[in-house]
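For reference, the structure is listed below as structure tokens.
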Amino acid sequence: MNPEYFRTFAFYNRWANTRLYDACASLSDADRRQDRKAFFGSIHNTLNHLLVGDRIWMGRFTGTDSGIRKLNAVLFDEFAALRRAREVEDDRIQAYVEGCDDAKLAATLDFKSVDGTPSSMPLAQVLGHFFNHQTHHRGQVHAMLSQAGAAAPSLDLLAYLREKR
Amino acid sequence: MPTGLFPMLARFNAWANGRIYDCCAELPDAEYRLDRKAFFGSIHATLNHLLVVDKVWRARIEDGTTNIRGLDQILHDDLLALRAARVTEDEALIRTVDGLGSTDGARVVKYRFMNGTPGETPVDIVLITLFNHQTHHRGQVHAMLTQAGITPPPLDIIAFPGAQR
């Protein structure tokens, strides 16, 4: 397992979030909060859920309790504050992944799910889940952006890599 | 770049697609085809787009050809036929990934984009892009399914039995 794989994803995650939040910023607050019947309802709640998921996992990775007990928690009711917290979290994710070498990625992570069920998986699998989870919910937000009439940006990983070069 | 996660991701992809298609099978055909204003409009068109792109990338990796002319091409107008093609493609993708040796990931694939622009991308990057792209559009389909009144089961990698190995 090559750590470069996850470094690519950590950079891509930040790039994709920036593009997604830029597009969300073009919407009215009411449009962001409108219940569009995605799994977490609105764009606002889905973005909050992504931050919730990332903070819970980062807490498990670093051995610090995130304090979050609900997957639908709304951590920030205001978009600008949510965006600032997102940027801080993306920096934290990047710094964490920078420190992951082959041995660390192969080691087993023991954790408890939100309902208390204990689980064990190699860190590499969990990180694979972590970045896949972000893409899944960004996809939901992307659909809602198009439905709200906003210009939904390309979040293609290859487009990111070509832009970066 | 690893080949470590790719065998798991190829199987996760087949599993997640199975869950999504199971939900689609419950929908009335009109709901399945309804233009819900996602990037490719309907659930039907989005699922066709995913098959289009997977076929294009796999052909590029394997130096093969496809009959595909556009990213919004409808390959199969019928859900049953589309699903059968999806299953075949997912099995082929698993074989492709399983057939990669430890040095194949670095091999540079030369191809042309749909608009004719030449591209060069290592196999590992193609696979990262491909699996991320699937999750992105499955996220869109997931949002459209909940909007149509059907909540799919989780599509998390940690919920995928094959990730527990």
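Each chain of the structure tokens is named A, B, ... in the order shown, its residues numbered from 1; ligands are numbered from 1 in display order.
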Please produce, as JSON lines, a per-residue contact table for chain B versus chain A (criterion: any atom at most 8 Å away, only C-alpha atoms considered), showing the nearest atom pair and its distance in Å to one decimal, sorted by chain then residue number.
{"residue": "B:Met1", "atom": "CA", "partner": "A:Asn2", "partner_atom": "CA", "distance": 5.2}
{"residue": "B:Pro2", "atom": "CA", "partner": "A:Met1", "partner_atom": "CA", "distance": 5.1}
{"residue": "B:Thr3", "atom": "CA", "partner": "A:Met1", "partner_atom": "CA", "distance": 7.3}
{"residue": "B:Gly4", "atom": "CA", "partner": "A:Met1", "partner_atom": "CA", "distance": 5.4}
{"residue": "B:Leu5", "atom": "CA", "partner": "A:Gln125", "partner_atom": "CA", "distance": 7.4}
{"residue": "B:Arg36", "atom": "CA", "partner": "A:Gln147", "partner_atom": "CA", "distance": 7.1}
{"residue": "B:Lys37", "atom": "CA", "partner": "A:Gln147", "partner_atom": "CA", "distance": 5.1}
{"residue": "B:Ala38", "atom": "CA", "partner": "A:Ala143", "partner_atom": "CA", "distance": 4.7}
{"residue": "B:Phe39", "atom": "CA", "partner": "A:Ser146", "partner_atom": "CA", "distance": 6.3}
{"residue": "B:Ile125", "atom": "CA", "partner": "A:Leu158", "partner_atom": "CA", "distance": 7.7}
{"residue": "B:Val126", "atom": "CA", "partner": "A:Leu158", "partner_atom": "CA", "distance": 7.9}
{"residue": "B:Ile128", "atom": "CA", "partner": "A:Leu157", "partner_atom": "CA", "distance": 7.9}
{"residue": "B:Thr129", "atom": "CA", "partner": "A:Leu157", "partner_atom": "CA", "distance": 5.4}
{"residue": "B:Asn132", "atom": "CA", "partner": "A:Thr135", "partner_atom": "CA", "distance": 6.9}
{"residue": "B:His133", "atom": "CA", "partner": "A:Asp156", "partner_atom": "CA", "distance": 6.7}
{"residue": "B:Thr135", "atom": "CA", "partner": "A:His136", "partner_atom": "CA", "distance": 5.3}
{"residue": "B:His136", "atom": "CA", "partner": "A:Gly139", "partner_atom": "CA", "distance": 4.5}
{"residue": "B:His137", "atom": "CA", "partner": "A:Gly139", "partner_atom": "CA", "distance": 6.0}
{"residue": "B:Arg138", "atom": "CA", "partner": "A:His136", "partner_atom": "CA", "distance": 6.9}
{"residue": "B:Gly139", "atom": "CA", "partner": "A:Gly139", "partner_atom": "CA", "distance": 4.4}
{"residue": "B:Gln140", "atom": "CA", "partner": "A:Gln140", "partner_atom": "CA", "distance": 4.7}
{"residue": "B:Val141", "atom": "CA", "partner": "A:Gln140", "partner_atom": "CA", "distance": 7.7}
{"residue": "B:His142", "atom": "CA", "partner": "A:Gln140", "partner_atom": "CA", "distance": 7.0}
{"residue": "B:Ala143", "atom": "CA", "partner": "A:Ala38", "partner_atom": "CA", "distance": 4.6}
{"residue": "B:Met144", "atom": "CA", "partner": "A:Ala38", "partner_atom": "CA", "distance": 7.2}
{"residue": "B:Thr146", "atom": "CA", "partner": "A:Ala38", "partner_atom": "CA", "distance": 5.6}
{"residue": "B:Gln147", "atom": "CA", "partner": "A:Lys37", "partner_atom": "CA", "distance": 5.0}
{"residue": "B:Thr151", "atom": "CA", "partner": "A:Phe39", "partner_atom": "CA", "distance": 7.5}
{"residue": "B:Asp156", "atom": "CA", "partner": "A:His133", "partner_atom": "CA", "distance": 6.5}
{"residue": "B:Ile157", "atom": "CA", "partner": "A:His129", "partner_atom": "CA", "distance": 4.9}
{"residue": "B:Ile158", "atom": "CA", "partner": "A:His129", "partner_atom": "CA", "distance": 6.2}
{"residue": "B:Ala163", "atom": "CA", "partner": "A:Gln125", "partner_atom": "CA", "distance": 6.7}
{"residue": "B:Gln164", "atom": "CA", "partner": "A:Met121", "partner_atom": "CA", "distance": 6.4}
Residues of the last selection are to be written out with N, CA and C atoms, as an mmCIF file, in the first residue's frame.
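To be explicit, this is the file written out as out06.cif:
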data_model
loop_
_atom_site.group_PDB
_atom_site.id
_atom_site.type_symbol
_atom_site.label_atom_id
_atom_site.label_comp_id
_atom_site.auth_asym_id
_atom_site.auth_seq_id
_atom_site.Cartn_x
_atom_site.Cartn_y
_atom_site.Cartn_z
ATOM 1 N N MET B 1 2.194 4.253 -6.227
ATOM 2 C CA MET B 1 0.751 3.962 -6.268
ATOM 3 C C MET B 1 0.504 2.466 -6.080
ATOM 4 N N PRO B 2 -0.521 2.109 -5.348
ATOM 5 C CA PRO B 2 -0.745 0.708 -4.986
ATOM 6 C C PRO B 2 -1.673 -0.009 -5.946
ATOM 7 N N THR B 3 -1.615 -1.299 -5.937
ATOM 8 C CA THR B 3 -2.734 -2.050 -6.464
ATOM 9 C C THR B 3 -3.533 -2.589 -5.277
ATOM 10 N N GLY B 4 -3.071 -2.271 -4.047
ATOM 11 C CA GLY B 4 -3.636 -2.834 -2.821
ATOM 12 C C GLY B 4 -5.140 -2.698 -2.661
ATOM 13 N N LEU B 5 -5.682 -1.491 -2.854
ATOM 14 C CA LEU B 5 -7.108 -1.288 -2.629
ATOM 15 C C LEU B 5 -7.954 -1.638 -3.842
ATOM 16 N N ARG B 36 -35.000 14.446 -13.279
ATOM 17 C CA ARG B 36 -34.934 15.071 -11.956
ATOM 18 C C ARG B 36 -33.870 16.160 -11.901
ATOM 19 N N LYS B 37 -33.367 16.550 -13.052
ATOM 20 C CA LYS B 37 -32.450 17.690 -13.163
ATOM 21 C C LYS B 37 -31.101 17.468 -12.480
ATOM 22 N N ALA B 38 -30.694 16.215 -12.342
ATOM 23 C CA ALA B 38 -29.293 15.977 -11.960
ATOM 24 C C ALA B 38 -28.457 16.255 -13.209
ATOM 25 N N PHE B 39 -27.141 16.113 -13.121
ATOM 26 C CA PHE B 39 -26.292 16.498 -14.250
ATOM 27 C C PHE B 39 -26.714 15.782 -15.532
ATOM 28 N N ILE B 125 -3.783 5.790 -11.837
ATOM 29 C CA ILE B 125 -4.578 7.028 -11.796
ATOM 30 C C ILE B 125 -5.916 6.820 -12.509
ATOM 31 N N VAL B 126 -5.879 6.057 -13.602
ATOM 32 C CA VAL B 126 -7.131 5.720 -14.290
ATOM 33 C C VAL B 126 -8.085 5.020 -13.322
ATOM 34 N N ILE B 128 -8.073 4.996 -9.963
ATOM 35 C CA ILE B 128 -8.529 5.898 -8.894
ATOM 36 C C ILE B 128 -9.673 6.769 -9.425
ATOM 37 N N THR B 129 -9.460 7.313 -10.625
ATOM 38 C CA THR B 129 -10.469 8.174 -11.240
ATOM 39 C C THR B 129 -11.763 7.412 -11.482
ATOM 40 N N ASN B 132 -13.626 6.553 -8.166
ATOM 41 C CA ASN B 132 -14.159 7.782 -7.563
ATOM 42 C C ASN B 132 -15.356 8.304 -8.369
ATOM 43 N N HIS B 133 -15.245 8.205 -9.677
ATOM 44 C CA HIS B 133 -16.306 8.652 -10.586
ATOM 45 C C HIS B 133 -17.595 7.845 -10.363
ATOM 46 N N THR B 135 -18.539 6.385 -7.580
ATOM 47 C CA THR B 135 -19.136 6.777 -6.302
ATOM 48 C C THR B 135 -19.821 8.134 -6.418
ATOM 49 N N HIS B 136 -19.210 9.054 -7.157
ATOM 50 C CA HIS B 136 -19.802 10.381 -7.374
ATOM 51 C C HIS B 136 -21.204 10.257 -7.979
ATOM 52 N N HIS B 137 -21.311 9.499 -9.068
ATOM 53 C CA HIS B 137 -22.614 9.405 -9.742
ATOM 54 C C HIS B 137 -23.588 8.490 -8.994
ATOM 55 N N ARG B 138 -23.064 7.480 -8.292
ATOM 56 C CA ARG B 138 -23.985 6.698 -7.445
ATOM 57 C C ARG B 138 -24.569 7.599 -6.354
ATOM 58 N N GLY B 139 -23.776 8.564 -5.877
ATOM 59 C CA GLY B 139 -24.283 9.534 -4.899
ATOM 60 C C GLY B 139 -25.434 10.337 -5.484
ATOM 61 N N GLN B 140 -25.290 10.749 -6.740
ATOM 62 C CA GLN B 140 -26.385 11.476 -7.408
ATOM 63 C C GLN B 140 -27.624 10.584 -7.514
ATOM 64 N N VAL B 141 -27.409 9.326 -7.931
ATOM 65 C CA VAL B 141 -28.539 8.397 -8.072
ATOM 66 C C VAL B 141 -29.186 8.151 -6.707
ATOM 67 N N HIS B 142 -28.351 8.038 -5.669
ATOM 68 C CA HIS B 142 -28.864 7.837 -4.313
ATOM 69 C C HIS B 142 -29.803 8.986 -3.930
ATOM 70 N N ALA B 143 -29.382 10.227 -4.216
ATOM 71 C CA ALA B 143 -30.231 11.392 -3.915
ATOM 72 C C ALA B 143 -31.543 11.307 -4.702
ATOM 73 N N MET B 144 -31.466 10.907 -5.969
ATOM 74 C CA MET B 144 -32.695 10.824 -6.779
ATOM 75 C C MET B 144 -33.597 9.693 -6.305
ATOM 76 N N THR B 146 -33.916 8.623 -3.110
ATOM 77 C CA THR B 146 -34.631 9.067 -1.899
ATOM 78 C C THR B 146 -35.709 10.079 -2.287
ATOM 79 N N GLN B 147 -35.429 10.884 -3.315
ATOM 80 C CA GLN B 147 -36.447 11.835 -3.795
ATOM 81 C C GLN B 147 -37.647 11.091 -4.384
ATOM 82 N N THR B 151 -35.313 4.555 -0.108
ATOM 83 C CA THR B 151 -34.009 4.790 0.523
ATOM 84 C C THR B 151 -33.141 3.551 0.359
ATOM 85 N N ASP B 156 -21.633 2.371 2.089
ATOM 86 C CA ASP B 156 -20.330 2.609 2.715
ATOM 87 C C ASP B 156 -19.394 1.428 2.486
ATOM 88 N N ILE B 157 -18.128 1.720 2.252
ATOM 89 C CA ILE B 157 -17.143 0.638 2.120
ATOM 90 C C ILE B 157 -17.072 -0.180 3.410
ATOM 91 N N ILE B 158 -17.215 0.474 4.573
ATOM 92 C CA ILE B 158 -17.136 -0.316 5.821
ATOM 93 C C ILE B 158 -18.361 -1.211 6.006
ATOM 94 N N ALA B 163 -14.732 -5.817 2.522
ATOM 95 C CA ALA B 163 -13.704 -4.909 3.060
ATOM 96 C C ALA B 163 -13.170 -5.399 4.395
ATOM 97 N N GLN B 164 -13.824 -6.420 4.957
ATOM 98 C CA GLN B 164 -13.448 -6.865 6.300
ATOM 99 C C GLN B 164 -12.255 -7.809 6.304
#
Inset, instruction - Could you pull out the residues in stretch 24-142 of chain A that DSSP calls helix (DSSP H, G or I) from the backbone, as JSON, numbers by chain? - result: {"A": [24, 25, 29, 30, 31, 32, 33, 43, 44, 45, 46, 47, 48, 49, 50, 51, 52, 53, 54, 55, 56, 57, 58, 59, 60, 61, 62, 79, 80, 81, 82, 83, 84, 85, 86, 87, 88, 89, 90, 91, 92, 93, 94, 95, 96, 97, 98, 102, 103, 104, 105, 106, 123, 124, 125, 126, 127, 128, 129, 130, 131, 132, 133, 134, 135, 136, 137, 138, 139, 140, 141, 142]}
Inset, instruction - Write out as a PyMOL selection string all residues of chain A that DSSP puts in strand (DSSP E) for this structure's backbone. - result: chain A and resi 108-112+118-122
Can you tell me which residues surround B:Val97 at a distance of at most 10 Å, considering only C-alpha atoms, apart from same-chain residues fewer than 3 positions away, and format the answer as a tab-separated table (two decimals) with all heavy atoms, in the first residue's frame?
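The new file around.tsv reads:
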chain	number	residue	atom	x	y	z
B	3	THR	N	-1.61	-1.30	-5.94
B	3	THR	CA	-2.73	-2.05	-6.46
B	3	THR	C	-3.53	-2.59	-5.28
B	3	THR	O	-4.52	-3.27	-5.45
B	3	THR	CB	-2.25	-3.23	-7.34
B	3	THR	OG1	-1.25	-3.94	-6.61
B	3	THR	CG2	-1.69	-2.73	-8.65
B	6	PHE	N	-7.35	-1.72	-5.01
B	6	PHE	CA	-8.15	-1.84	-6.23
B	6	PHE	C	-8.97	-3.14	-6.32
B	6	PHE	O	-10.12	-3.09	-6.73
B	6	PHE	CB	-7.29	-1.64	-7.48
B	6	PHE	CG	-6.75	-0.23	-7.60
B	6	PHE	CD1	-5.45	0.00	-7.98
B	6	PHE	CD2	-7.56	0.86	-7.32
B	6	PHE	CE1	-4.96	1.31	-8.08
B	6	PHE	CE2	-7.08	2.16	-7.42
B	6	PHE	CZ	-5.77	2.38	-7.81
B	7	PRO	N	-8.41	-4.30	-5.94
B	7	PRO	CA	-9.25	-5.51	-5.98
B	7	PRO	C	-10.49	-5.37	-5.08
B	7	PRO	O	-11.59	-5.78	-5.46
B	7	PRO	CB	-8.31	-6.61	-5.49
B	7	PRO	CG	-6.95	-6.11	-5.85
B	7	PRO	CD	-7.01	-4.62	-5.63
B	8	MET	N	-10.30	-4.78	-3.90
B	8	MET	CA	-11.45	-4.57	-3.00
B	8	MET	C	-12.42	-3.57	-3.62
B	8	MET	O	-13.65	-3.77	-3.60
B	8	MET	CB	-10.94	-4.07	-1.63
B	8	MET	CG	-12.01	-3.89	-0.57
B	8	MET	SD	-12.90	-2.32	-0.65
B	8	MET	CE	-11.67	-1.19	0.02
B	9	LEU	N	-11.89	-2.48	-4.20
B	9	LEU	CA	-12.77	-1.46	-4.77
B	9	LEU	C	-13.58	-2.00	-5.95
B	9	LEU	O	-14.75	-1.63	-6.14
B	9	LEU	CB	-11.95	-0.24	-5.21
B	9	LEU	CG	-11.44	0.65	-4.07
B	9	LEU	CD1	-10.50	1.74	-4.62
B	9	LEU	CD2	-12.60	1.31	-3.31
B	10	ALA	N	-12.96	-2.87	-6.75
B	10	ALA	CA	-13.68	-3.45	-7.89
B	10	ALA	C	-14.86	-4.30	-7.40
B	10	ALA	O	-15.95	-4.28	-7.99
B	10	ALA	CB	-12.74	-4.29	-8.74
B	11	ARG	N	-14.64	-5.02	-6.30
B	11	ARG	CA	-15.72	-5.84	-5.75
B	11	ARG	C	-16.75	-4.98	-5.01
B	11	ARG	O	-17.96	-5.25	-5.07
B	11	ARG	CB	-15.13	-6.92	-4.83
B	11	ARG	CG	-14.42	-8.00	-5.62
B	11	ARG	CD	-13.46	-8.83	-4.80
B	11	ARG	NE	-12.88	-9.90	-5.60
B	11	ARG	CZ	-11.84	-9.74	-6.42
B	11	ARG	NH1	-11.24	-8.55	-6.54
B	11	ARG	NH2	-11.38	-10.76	-7.12
B	58	ARG	N	-12.01	1.10	-19.43
B	58	ARG	CA	-11.49	-0.27	-19.47
B	58	ARG	C	-10.90	-0.57	-20.85
B	58	ARG	O	-9.85	-1.20	-20.98
B	58	ARG	CB	-12.57	-1.28	-19.10
B	58	ARG	CG	-12.02	-2.66	-18.75
B	58	ARG	CD	-13.07	-3.53	-18.10
B	58	ARG	NE	-14.25	-3.70	-18.93
B	58	ARG	CZ	-14.32	-4.53	-19.99
B	58	ARG	NH1	-13.29	-5.28	-20.30
B	58	ARG	NH2	-15.42	-4.61	-20.71
B	92	ALA	N	-16.05	-7.94	-15.60
B	92	ALA	CA	-14.87	-7.70	-16.45
B	92	ALA	C	-13.86	-6.79	-15.74
B	92	ALA	O	-12.65	-7.00	-15.82
B	92	ALA	CB	-15.31	-7.08	-17.77
B	93	LEU	N	-14.40	-5.80	-15.02
B	93	LEU	CA	-13.52	-4.88	-14.30
B	93	LEU	C	-12.75	-5.60	-13.19
B	93	LEU	O	-11.56	-5.35	-12.97
B	93	LEU	CB	-14.36	-3.74	-13.74
B	93	LEU	CG	-13.64	-2.52	-13.19
B	93	LEU	CD1	-12.69	-1.92	-14.22
B	93	LEU	CD2	-14.66	-1.47	-12.74
B	94	ILE	N	-13.42	-6.51	-12.52
B	94	ILE	CA	-12.75	-7.30	-11.48
B	94	ILE	C	-11.62	-8.12	-12.10
B	94	ILE	O	-10.49	-8.17	-11.58
B	94	ILE	CB	-13.76	-8.23	-10.75
B	94	ILE	CG1	-14.70	-7.40	-9.86
B	94	ILE	CG2	-13.04	-9.28	-9.92
B	94	ILE	CD1	-15.88	-8.17	-9.28
B	100	LEU	N	-3.72	-7.27	-12.97
B	100	LEU	CA	-2.63	-6.30	-12.96
B	100	LEU	C	-1.47	-6.81	-12.10
B	100	LEU	O	-1.69	-7.24	-10.97
B	100	LEU	CB	-3.11	-4.95	-12.42
B	100	LEU	CG	-4.15	-4.21	-13.25
B	100	LEU	CD1	-4.63	-2.96	-12.50
B	100	LEU	CD2	-3.57	-3.81	-14.61
B	101	GLY	N	-0.27	-6.74	-12.64
B	101	GLY	CA	0.91	-7.08	-11.85
B	101	GLY	C	1.37	-5.87	-11.05
B	101	GLY	O	0.83	-4.77	-11.19
B	104	ASP	N	2.28	-2.90	-13.21
B	104	ASP	CA	1.33	-2.42	-14.22
B	104	ASP	C	0.72	-1.07	-13.87
B	104	ASP	O	0.29	-0.33	-14.76
B	104	ASP	CB	0.20	-3.44	-14.42
B	104	ASP	CG	0.66	-4.65	-15.21
B	104	ASP	OD1	1.57	-4.50	-16.03
B	104	ASP	OD2	0.10	-5.75	-15.00
B	105	GLY	N	0.64	-0.78	-12.58
B	105	GLY	CA	0.01	0.48	-12.16
B	105	GLY	C	0.71	1.70	-12.73
B	105	GLY	O	0.08	2.73	-12.98
B	123	VAL	N	-2.01	3.73	-15.28
B	123	VAL	CA	-3.12	2.82	-14.96
B	123	VAL	C	-3.67	3.08	-13.56
B	123	VAL	O	-4.89	3.13	-13.36
B	123	VAL	CB	-2.67	1.35	-15.10
B	123	VAL	CG1	-3.71	0.40	-14.52
B	123	VAL	CG2	-2.40	1.01	-16.56
B	127	LEU	N	-7.54	4.06	-12.57
B	127	LEU	CA	-8.40	3.28	-11.66
B	127	LEU	C	-8.92	4.13	-10.51
B	127	LEU	O	-10.09	4.03	-10.12
B	127	LEU	CB	-7.65	2.06	-11.13
B	127	LEU	CG	-7.36	0.98	-12.17
B	127	LEU	CD1	-6.50	-0.13	-11.57
B	127	LEU	CD2	-8.65	0.39	-12.73
Legend entry - Non-local contacts of B:Ala16 (10 Å; only C-alpha atoms; under 3 positions in same chain excluded) as a PyMOL selection string: chain B and resi 11-13+19-22+134-135+138+152-157+160
Kindly save the residues from that selection, with C-alpha atoms included, as a tab-separated table (two decimals), in the first residue's frame.
chain	number	residue	atom	x	y	z
B	11	ARG	CA	-15.72	-5.84	-5.75
B	12	PHE	CA	-17.19	-3.00	-3.68
B	13	ASN	CA	-18.29	-1.39	-6.94
B	19	ARG	CA	-27.79	-2.41	-4.16
B	20	ILE	CA	-28.60	0.60	-6.36
B	21	TYR	CA	-30.07	-1.52	-9.16
B	22	ASP	CA	-32.18	-3.46	-6.63
B	134	GLN	CA	-18.62	5.71	-9.91
B	135	THR	CA	-19.14	6.78	-6.30
B	138	ARG	CA	-23.98	6.70	-7.44
B	152	PRO	CA	-31.17	2.51	-0.57
B	153	PRO	CA	-29.23	0.59	2.06
B	154	PRO	CA	-25.81	2.05	2.99
B	155	LEU	CA	-23.20	2.19	0.23
B	156	ASP	CA	-20.33	2.61	2.71
B	157	ILE	CA	-17.14	0.64	2.12
B	160	PHE	CA	-19.25	-3.98	2.41
Inset, instruction - Name all residues at most 8 Å from A:Val114 (count only C-alpha atoms; drop same-chain ones fewer than 4 positions away) and give them as JSON, numbers by chain. - result: {"A": [69, 70, 71]}
Dump as a PDB file, in the first residue's frame, selection limited to N, CA, C and O atoms:
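Now in again_21.pdb:
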ATOM      1  N   ARG A  69     -22.138  12.449  18.596  1.00  0.00           N
ATOM      2  CA  ARG A  69     -22.865  11.201  18.830  1.00  0.00           C
ATOM      3  C   ARG A  69     -23.950  10.930  17.793  1.00  0.00           C
ATOM      4  O   ARG A  69     -24.573   9.871  17.789  1.00  0.00           O
ATOM      5  N   LYS A  70     -24.207  11.910  16.941  1.00  0.00           N
ATOM      6  CA  LYS A  70     -25.291  11.716  15.959  1.00  0.00           C
ATOM      7  C   LYS A  70     -24.801  12.058  14.560  1.00  0.00           C
ATOM      8  O   LYS A  70     -24.180  13.105  14.343  1.00  0.00           O
ATOM      9  N   LEU A  71     -25.124  11.160  13.609  1.00  0.00           N
ATOM     10  CA  LEU A  71     -24.654  11.355  12.228  1.00  0.00           C
ATOM     11  C   LEU A  71     -25.384  12.499  11.525  1.00  0.00           C
ATOM     12  O   LEU A  71     -24.904  13.022  10.515  1.00  0.00           O
TER      13      LEU A  71
END
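Going from atom CA of A:Arg60 to atom CA of A:Glu78 covers 26.4 Å.
Taking atom CA of B:Leu50 and atom CA of B:Glu120 as the two end points, the separation is 21.3 Å.
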